[in-house]
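*Asks:* Below is the structure I would like to discuss, written out as structure tokens.
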Amino acid sequence: MLLTITTTARPATDLGHLLHKHPDKAQSFEQSFGTAHVFYPEATEERCTAALLLETDPQALLRTRTSVSTPDFALAQYVNDRPYASSSLFTVALGKVLRTAIRGVSRSRPELAGTPIPLVLHLPAVPCRPGPEKARALFEPLGWTVRAEPVPLDPGLPGWGDSHHLSLTLTGTLRLSEALSHLYVLLPAMEGGSKHYWVDSTEIDKLLRAGGAPVDGVEDGTGAGAGWLVGHPERGWIARRYLARRDRYVRTAMARLAEADDRSAEPETEAEEAEAVGAVPRDPAVEEREPSLAEQRAGAVLAVLEAERATSVIDLGCGGGRLLERLAGVRALDRITGVDVHAGSLEAAHRRLCKGCHPDGGGRHRSLFTDHDARPGDRSARRPRPELLLGSVVYRDRRFHGHDAAVLMEVVEHLDPSRLPAMENVVFGDAAPRVVVVTTPNVEYNRHYEGLAEGAFRHADHRFEWTRAEFAAWADRVAAEHGYTVRRLPVGPEHPETGAPTQMGVFTK
């Protein structure tokens with residue numbers, strides 16, 4: 001398997017400083033399954049290309065097997081599928097030979113290691129059974145221009161059709177460490193998750209670390225990419241195939257990614273609010289950044305619940321539990337419930353609530369449904385127990401009944417428009433709490449985010465975003481149909497022309 005890395009950033013030969021491989025030398029690195037070679041087909045000030053070539057050795061693969069002498073299978077030594085896990089073999093070699101480059105470390109050019117440079121990555125033959133469209137879906141969200149062409153089974157016999165391999169060329173301006181981390185994760189996923197070694201739980205940390213996600217609560221600071229996997233629209237597909245479809249490992253990885261996504265989805269500043277789309281506020285009317293919009297949203301919801309004297313609350317679409325954590329500190333509430341359709345989000349919420357209830361780390365919880373105390377042994381400061389439920393707002397559920405108030409904070413825009421009537425019937429018709437609080441983005445305000453294309457949404461998972469008039473029409477209709485009155489409130493700094501970034505509807509019976 002062959003990879004070439006080309007740059008035209010002048011002086012282009014500085015690529016050698018990033019890869020820690022001198023352009024004037026051809027080097028070989030022995031692996032347990034063959035030999036990896038690094039060499040430079042061209043190296044000038046204007047253009048430099050480095051190549052990583054992996055040659056697998058069938059005898060080396062045979063020597064690493066422990067079952068070749070099994071008496072009940074005399075032909076075992078001749079049957080070995082590991083050469084066909086070429087992407088797995090290649091990424092292991094990539095991780096070993098270019099380890100420092102993937103970490104984004106360069107002692108001789110530290111500033112260059114953190115600088116995006118023009119890159120062209122080319123793999124003449126890479127396994128990708130799903131085909132060219134999936135390759136584009138994997139790499140284009142990361143900033144690459146993708147050329148993916150099927151490799152024919154035999155160019156001389158066109159009637160045989162195409163193989164499951166692609167000629168893949170990626171063009172973009174990225175940090176080299178980011179580019180290599182993308183290959184390290186996505187090449188095995190494209191092949192289908194076939195690994196030439198036993199997959200265990202350590203693969204989860206390898207996936208998260210290469211994807212820029214926190215490992216053991218520590219953000220990756222190696223330059224591998226600032227959480228690129230966390231916000232990737234195909235992260236579930238990637239995780240499942242990278243982890244060889246081991247469901248237990250996939251669930252753990254998705255829970256940890258969801259926890260990281262919850263942090264990034266509720267950022268500290270409005271500039272980070274639009275990070276997923278590369279946008280930043282630019283209008284003078286939105287220069288005020290403290291507190292963050294996420295904090296203002298949560299604060300506005302809490303203020304409404306206090307004003308309405310709510311005694312029990314169900315947070316529908318609770319995500320990683322940011323709002324639940326704050327609700328757990330409200331003494332007026334005697335019942336708190338969080339609902340989400342993703343088990344990983346509930347696991348993240350559980351960890352957040354446990355941490356919040358036991359700030360000194362001394363508390364232990366047997367399950368998602370264990371009582372929460374302010375501190376171990378402090379019975380006088382007992383908090384209401386937040387109950388976490390796996391469920392959906394588009395299906396009737398008796399567990400949703402009996403709450404004084406319901407909150408859908410930044411939830412409705414994640415539903416397909418065709419599913420909104422089902423949500424309305426479940427929340428306003430069947431559960432029918434006395435108070436319902438809904439917040440959703442104001443699409444008119446999006447013009448204040450620099451870099452956000454016209455017509456684009458703030459988050460890749462949004463199915464729609466309403467104007468103020470559209471939200472008002474929806475809210476008035478729902479209130480009239482289900483016996484509520486509604487008032488609409490702005491959340492965040494208001495612009496005289498476009499209004500506030502978030503719009504809130506407070507429905508009361």
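Residue numbering restarts at 1 for every chain of the structure tokens, chains are lettered A, B, ... in their displayed order, and ligands are numbered from 1 as they appear.
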I'd like the neighbourhood of segment 405-420 of chain A as a VMD selection string, where a residue qualifies if any of its atoms comes within 6 Å (using only C-alpha atoms), though same-chain residues fewer than 5 positions away should be ignored.

*Replies:* chain A and resid 313 to 316 433 to 440 462 to 464

*Asks:* Please write the residues from the selection above to a file, keeping N, CA and C atoms, as an mmCIF file, in the first residue's frame.

*Replies:*
```cif
data_model
loop_
_atom_site.group_PDB
_atom_site.id
_atom_site.type_symbol
_atom_site.label_atom_id
_atom_site.label_comp_id
_atom_site.auth_asym_id
_atom_site.auth_seq_id
_atom_site.Cartn_x
_atom_site.Cartn_y
_atom_site.Cartn_z
ATOM 1 N N VAL A 313 -40.171 18.970 36.866
ATOM 2 C CA VAL A 313 -39.762 19.316 35.499
ATOM 3 C C VAL A 313 -39.284 18.072 34.781
ATOM 4 N N ILE A 314 -39.664 17.937 33.508
ATOM 5 C CA ILE A 314 -39.112 16.917 32.636
ATOM 6 C C ILE A 314 -38.366 17.615 31.497
ATOM 7 N N ASP A 315 -37.087 17.310 31.360
ATOM 8 C CA ASP A 315 -36.243 17.895 30.313
ATOM 9 C C ASP A 315 -36.228 16.922 29.148
ATOM 10 N N LEU A 316 -36.978 17.223 28.104
ATOM 11 C CA LEU A 316 -37.112 16.354 26.938
ATOM 12 C C LEU A 316 -36.011 16.682 25.929
ATOM 13 N N PRO A 433 -48.278 18.917 30.378
ATOM 14 C CA PRO A 433 -47.902 19.602 31.623
ATOM 15 C C PRO A 433 -48.516 20.998 31.667
ATOM 16 N N ARG A 434 -48.525 21.580 32.847
ATOM 17 C CA ARG A 434 -49.098 22.923 32.991
ATOM 18 C C ARG A 434 -48.285 23.962 32.239
ATOM 19 N N VAL A 435 -46.947 23.787 32.174
ATOM 20 C CA VAL A 435 -46.045 24.737 31.515
ATOM 21 C C VAL A 435 -45.150 23.967 30.553
ATOM 22 N N VAL A 436 -44.982 24.503 29.361
ATOM 23 C CA VAL A 436 -44.022 23.955 28.402
ATOM 24 C C VAL A 436 -43.131 25.097 27.928
ATOM 25 N N VAL A 437 -41.819 24.900 28.016
ATOM 26 C CA VAL A 437 -40.852 25.909 27.581
ATOM 27 C C VAL A 437 -40.098 25.361 26.374
ATOM 28 N N VAL A 438 -40.124 26.107 25.283
ATOM 29 C CA VAL A 438 -39.455 25.694 24.044
ATOM 30 C C VAL A 438 -38.475 26.781 23.635
ATOM 31 N N THR A 439 -37.219 26.413 23.368
ATOM 32 C CA THR A 439 -36.264 27.360 22.768
ATOM 33 C C THR A 439 -35.760 26.776 21.457
ATOM 34 N N THR A 440 -35.460 27.662 20.515
ATOM 35 C CA THR A 440 -34.993 27.247 19.195
ATOM 36 C C THR A 440 -34.237 28.406 18.552
ATOM 37 N N HIS A 462 -29.281 20.124 12.388
ATOM 38 C CA HIS A 462 -30.545 20.852 12.349
ATOM 39 C C HIS A 462 -31.304 20.513 11.068
ATOM 40 N N ARG A 463 -32.578 20.180 11.233
ATOM 41 C CA ARG A 463 -33.419 19.889 10.061
ATOM 42 C C ARG A 463 -34.065 21.155 9.507
ATOM 43 N N PHE A 464 -34.180 22.162 10.348
ATOM 44 C CA PHE A 464 -34.731 23.453 9.927
ATOM 45 C C PHE A 464 -34.336 24.470 10.981
#
```

*Asks:* Within 12 Å of Ala179 of chain A, counting only C-alpha atoms, which residues show up once you throw out same-chain ones fewer than 6 positions away? Write them as a PyMOL selection string, please.

*Replies:* chain A and resi 5-6+94+98+101-104+113+116-122+139+142-144+170-173+185-187+210-211+223-225+228

*Asks:* Do you know which residues are at most 10 Å from Leu389 of chain A counting only C-alpha atoms, after dropping those on the same chain fewer than 4 positions away, and could you put them as a list in words?

*Replies:*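 Residues meeting the cut-off are Leu316, Cys318, Thr337, Gly338, Val339, Asp340, Val341, His342, Ala343, Leu346, Leu368, Phe369, Arg399 and Phe400 of chain A.
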
*Asks:* Selection from above, N, CA and C atoms, as a PDB file, in the first residue's frame, can you write it?

*Replies:*
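Saved the output as out-v6.pdb:
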```pdb
ATOM      1  N   LEU A 316     -36.978  17.223  28.104  1.00  0.00           N
ATOM      2  CA  LEU A 316     -37.112  16.354  26.938  1.00  0.00           C
ATOM      3  C   LEU A 316     -36.011  16.682  25.929  1.00  0.00           C
ATOM      4  N   CYS A 318     -32.571  15.881  26.883  1.00  0.00           N
ATOM      5  CA  CYS A 318     -31.668  16.465  27.888  1.00  0.00           C
ATOM      6  C   CYS A 318     -30.204  16.422  27.499  1.00  0.00           C
ATOM      7  N   THR A 337     -36.785  14.955  35.802  1.00  0.00           N
ATOM      8  CA  THR A 337     -36.632  13.827  34.880  1.00  0.00           C
ATOM      9  C   THR A 337     -35.931  14.314  33.624  1.00  0.00           C
ATOM     10  N   GLY A 338     -34.982  13.533  33.152  1.00  0.00           N
ATOM     11  CA  GLY A 338     -34.306  13.815  31.886  1.00  0.00           C
ATOM     12  C   GLY A 338     -34.588  12.699  30.896  1.00  0.00           C
ATOM     13  N   VAL A 339     -34.889  13.064  29.657  1.00  0.00           N
ATOM     14  CA  VAL A 339     -35.205  12.089  28.611  1.00  0.00           C
ATOM     15  C   VAL A 339     -34.336  12.373  27.403  1.00  0.00           C
ATOM     16  N   ASP A 340     -33.778  11.318  26.829  1.00  0.00           N
ATOM     17  CA  ASP A 340     -33.054  11.483  25.572  1.00  0.00           C
ATOM     18  C   ASP A 340     -33.159  10.193  24.777  1.00  0.00           C
ATOM     19  N   VAL A 341     -33.066  10.324  23.467  1.00  0.00           N
ATOM     20  CA  VAL A 341     -33.183   9.167  22.587  1.00  0.00           C
ATOM     21  C   VAL A 341     -31.867   8.416  22.466  1.00  0.00           C
ATOM     22  N   HIS A 342     -30.751   9.053  22.880  1.00  0.00           N
ATOM     23  CA  HIS A 342     -29.425   8.446  22.759  1.00  0.00           C
ATOM     24  C   HIS A 342     -28.941   7.957  24.116  1.00  0.00           C
ATOM     25  N   ALA A 343     -28.637   6.658  24.197  1.00  0.00           N
ATOM     26  CA  ALA A 343     -28.140   6.104  25.453  1.00  0.00           C
ATOM     27  C   ALA A 343     -26.813   6.736  25.845  1.00  0.00           C
ATOM     28  N   LEU A 346     -27.339   9.869  27.763  1.00  0.00           N
ATOM     29  CA  LEU A 346     -27.771   9.622  29.135  1.00  0.00           C
ATOM     30  C   LEU A 346     -26.610   9.187  30.015  1.00  0.00           C
ATOM     31  N   LEU A 368     -28.094   4.586  36.953  1.00  0.00           N
ATOM     32  CA  LEU A 368     -28.586   5.896  36.536  1.00  0.00           C
ATOM     33  C   LEU A 368     -29.710   6.393  37.439  1.00  0.00           C
ATOM     34  N   PHE A 369     -30.263   5.559  38.281  1.00  0.00           N
ATOM     35  CA  PHE A 369     -31.461   5.906  39.029  1.00  0.00           C
ATOM     36  C   PHE A 369     -31.224   5.938  40.537  1.00  0.00           C
ATOM     37  N   ARG A 399     -44.436   7.496  31.143  1.00  0.00           N
ATOM     38  CA  ARG A 399     -43.453   8.035  32.078  1.00  0.00           C
ATOM     39  C   ARG A 399     -43.332   9.554  31.974  1.00  0.00           C
ATOM     40  N   PHE A 400     -43.822  10.136  30.873  1.00  0.00           N
ATOM     41  CA  PHE A 400     -43.776  11.592  30.706  1.00  0.00           C
ATOM     42  C   PHE A 400     -44.879  12.295  31.504  1.00  0.00           C
TER      43      PHE A 400
END
```

*Asks:* Measure the distance from atom CA of Ala332 of chain A to atom CA of Arg351 of chain A in Å and round it to one decimal.

*Replies:* 23.5 Å

*Asks:* Report the distance between atom CA of Asp162 of chain A and atom CA of Glu133 of chain A in Å, rounded to one decimal place.

*Replies:*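 Computing the Euclidean distance for atom CA of Asp162 of chain A and atom CA of Glu133 of chain A yields 14.6 Å.
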
*Asks:* Determine, using only C-alpha atoms, which residues of segment 106-203 of chain A have any atom at most 9 Å from an atom of segment 233-242 of chain A, and tabulate each with its shortest atom pair and distance in Å to one decimal place, rows ordered by chain and then rising number, as JSON lines.

*Replies:*
```
{"residue": "A:Ala137", "atom": "CA", "partner": "A:Glu234", "partner_atom": "CA", "distance": 7.7}
{"residue": "A:Leu138", "atom": "CA", "partner": "A:Glu234", "partner_atom": "CA", "distance": 6.8}
{"residue": "A:Pro141", "atom": "CA", "partner": "A:Pro233", "partner_atom": "CA", "distance": 7.8}
{"residue": "A:Val185", "atom": "CA", "partner": "A:Tyr242", "partner_atom": "CA", "distance": 7.0}
{"residue": "A:Leu186", "atom": "CA", "partner": "A:Ile238", "partner_atom": "CA", "distance": 7.0}
{"residue": "A:Leu187", "atom": "CA", "partner": "A:Tyr242", "partner_atom": "CA", "distance": 8.8}
{"residue": "A:Pro188", "atom": "CA", "partner": "A:Tyr242", "partner_atom": "CA", "distance": 6.0}
{"residue": "A:Ala189", "atom": "CA", "partner": "A:Tyr242", "partner_atom": "CA", "distance": 4.8}
{"residue": "A:Met190", "atom": "CA", "partner": "A:Arg241", "partner_atom": "CA", "distance": 7.8}
{"residue": "A:Glu191", "atom": "CA", "partner": "A:Arg241", "partner_atom": "CA", "distance": 8.3}
{"residue": "A:Gly192", "atom": "CA", "partner": "A:Arg241", "partner_atom": "CA", "distance": 5.6}
{"residue": "A:Gly193", "atom": "CA", "partner": "A:Arg241", "partner_atom": "CA", "distance": 4.4}
{"residue": "A:Ser194", "atom": "CA", "partner": "A:Arg241", "partner_atom": "CA", "distance": 8.1}
{"residue": "A:Lys195", "atom": "CA", "partner": "A:Tyr242", "partner_atom": "CA", "distance": 8.7}
{"residue": "A:Glu203", "atom": "CA", "partner": "A:Tyr242", "partner_atom": "CA", "distance": 8.4}
```

*Asks:* With only C-alpha atoms as the basis for distance, which of A:Glu444, A:Glu424, A:His482, A:Ala258 is at the shortest distance from Ala456 of chain A?

*Replies:*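 Of the candidates, the smallest distance to Ala456 of chain A is held by A:Glu444.
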
*Asks:* Please determine, counting only C-alpha atoms, which residue among A:Val105, A:Val250, A:Leu53, A:Val478 has the shortest atom-to-atom distance to Pro41 of chain A.

*Replies:*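 Selected residue with least distance to Pro41 of chain A: A:Leu53.
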
*Asks:* Using only C-alpha atoms, find the one residue out of A:Arg396, A:Arg256, A:Lys134, A:Arg209 that sits nearest to Ala422 of chain A.

*Replies:*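 So, comparing all the options, the nearest one is A:Arg396.
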
*Asks:* Between A:Pro501, A:Gly299, A:Pro152, A:Gly492, which has the minimum distance to Ser167 of chain A (counting only C-alpha atoms)?

*Replies:*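 For Ser167 of chain A, the nearest of the candidates is A:Pro152.
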